[in-house]
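**Student:** Can you keep this structure in mind? I'll have questions shortly.
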Amino acid sequence: QPLTQEELDDKLISKKDHFEQLIVADMVEKLPDIYRDVIMMKYFYGFKVKEISKQLHLSVGGVKSRLEKARKILRKDINDDE
């Protein structure tokens, strides 16, 4: 039986979300290592800034600075794509 409009919308939304996640993941992959590592640890693995600083032997300020720079690059890439 055919999908209702609501079921169709739900499927399209979930596909769109998945597609957007793939695009963002691809952009993260293209980041320079020093930025990719902190972004992956923070947003993909859920590490706290303090934990990242210990793991990567960086100051907390250094981690925050790299996160901010990485977010700036990603924001620019995302805006350029739209």
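The way I read the labels, and the way they are meant: chains A, B, ... in the order of the structure tokens, residue 1 as the first residue of every chain, and ligand 1 as the first ligand shown, with later ones counted on from there.
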Could you pull out the helix (DSSP H, G or I) residues of segment 10-73 of chain A, going by DSSP on the backbone, and write them as number ranges by chain?

**Tutor:** A: 10-29, 33-44, 49-56, 60-73

**Student:** List the neighbours of segment 50-54 of chain A out to 9 Å using only C-alpha atoms; skip same-chain residues closer than 5 positions along the sequence, and give me the result as a PyMOL selection string.

**Tutor:** chain A and resi 38+41-42+59-63

**Student:** Since we have the selection now, will you write its residues out, keeping N, CA and C atoms, as a CSV table (one decimal), in the first residue's frame?

**Tutor:**
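Result file is result_37.csv:
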chain,number,residue,atom,x,y,z
A,38,VAL,N,40.8,17.0,16.9
A,38,VAL,CA,40.0,17.6,18.0
A,38,VAL,C,38.5,17.5,17.7
A,41,MET,N,37.3,13.9,18.2
A,41,MET,CA,37.3,13.5,19.6
A,41,MET,C,36.1,14.2,20.3
A,42,LYS,N,35.9,15.5,20.0
A,42,LYS,CA,34.8,16.2,20.7
A,42,LYS,C,33.4,15.8,20.2
A,59,SER,N,47.5,22.2,25.7
A,59,SER,CA,46.9,22.9,26.7
A,59,SER,C,45.4,23.0,26.4
A,60,VAL,N,44.6,23.3,27.4
A,60,VAL,CA,43.1,23.4,27.2
A,60,VAL,C,42.9,24.5,26.2
A,61,GLY,N,43.6,25.6,26.4
A,61,GLY,CA,43.5,26.7,25.4
A,61,GLY,C,43.8,26.3,24.0
A,62,GLY,N,44.8,25.5,23.9
A,62,GLY,CA,45.2,25.0,22.5
A,62,GLY,C,44.1,24.2,21.9
A,63,VAL,N,43.5,23.3,22.7
A,63,VAL,CA,42.4,22.5,22.2
A,63,VAL,C,41.2,23.5,21.8

**Student:** Quick one: distance from atom CA of Val28 of chain A to atom CA of Met40 of chain A in Å, one decimal?

**Tutor:**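 Spanning atom CA of Val28 of chain A to atom CA of Met40 of chain A is a straight-line distance of 7.9 Å.
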
**Student:** Restrict the calculation to only C-alpha atoms, then for each residue of segment 38-73 of chain A with any atom at most 12 Å from an atom of segment 15-24 of chain A give the closest atom pair and their distance in Å to one decimal, rows by chain and rising residue number, as JSON lines.

**Tutor:**
{"residue": "A:Ile39", "atom": "CA", "partner": "A:Val24", "partner_atom": "CA", "distance": 11.4}
{"residue": "A:Met40", "atom": "CA", "partner": "A:Val24", "partner_atom": "CA", "distance": 11.6}
{"residue": "A:Tyr43", "atom": "CA", "partner": "A:Val24", "partner_atom": "CA", "distance": 11.6}
{"residue": "A:Phe44", "atom": "CA", "partner": "A:Gln21", "partner_atom": "CA", "distance": 11.4}
{"residue": "A:Arg71", "atom": "CA", "partner": "A:Val24", "partner_atom": "CA", "distance": 11.2}
{"residue": "A:Ile73", "atom": "CA", "partner": "A:Val24", "partner_atom": "CA", "distance": 11.6}

**Student:** Find, counting only C-alpha atoms, the residue in A:Ile13, A:Ile78, A:Leu67, A:Leu3 that gets nearest to Arg36 of chain A.

**Tutor:**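 Between A:Ile13, A:Ile78, A:Leu67, A:Leu3, the residue approaching Arg36 of chain A most closely is A:Leu67.
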
**Student:** So what do you get for atom CA of Arg75 of chain A versus atom CA of Ser14 of chain A, distance-wise?

**Tutor:**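 That distance, rounded to one decimal, is 22.1 Å.
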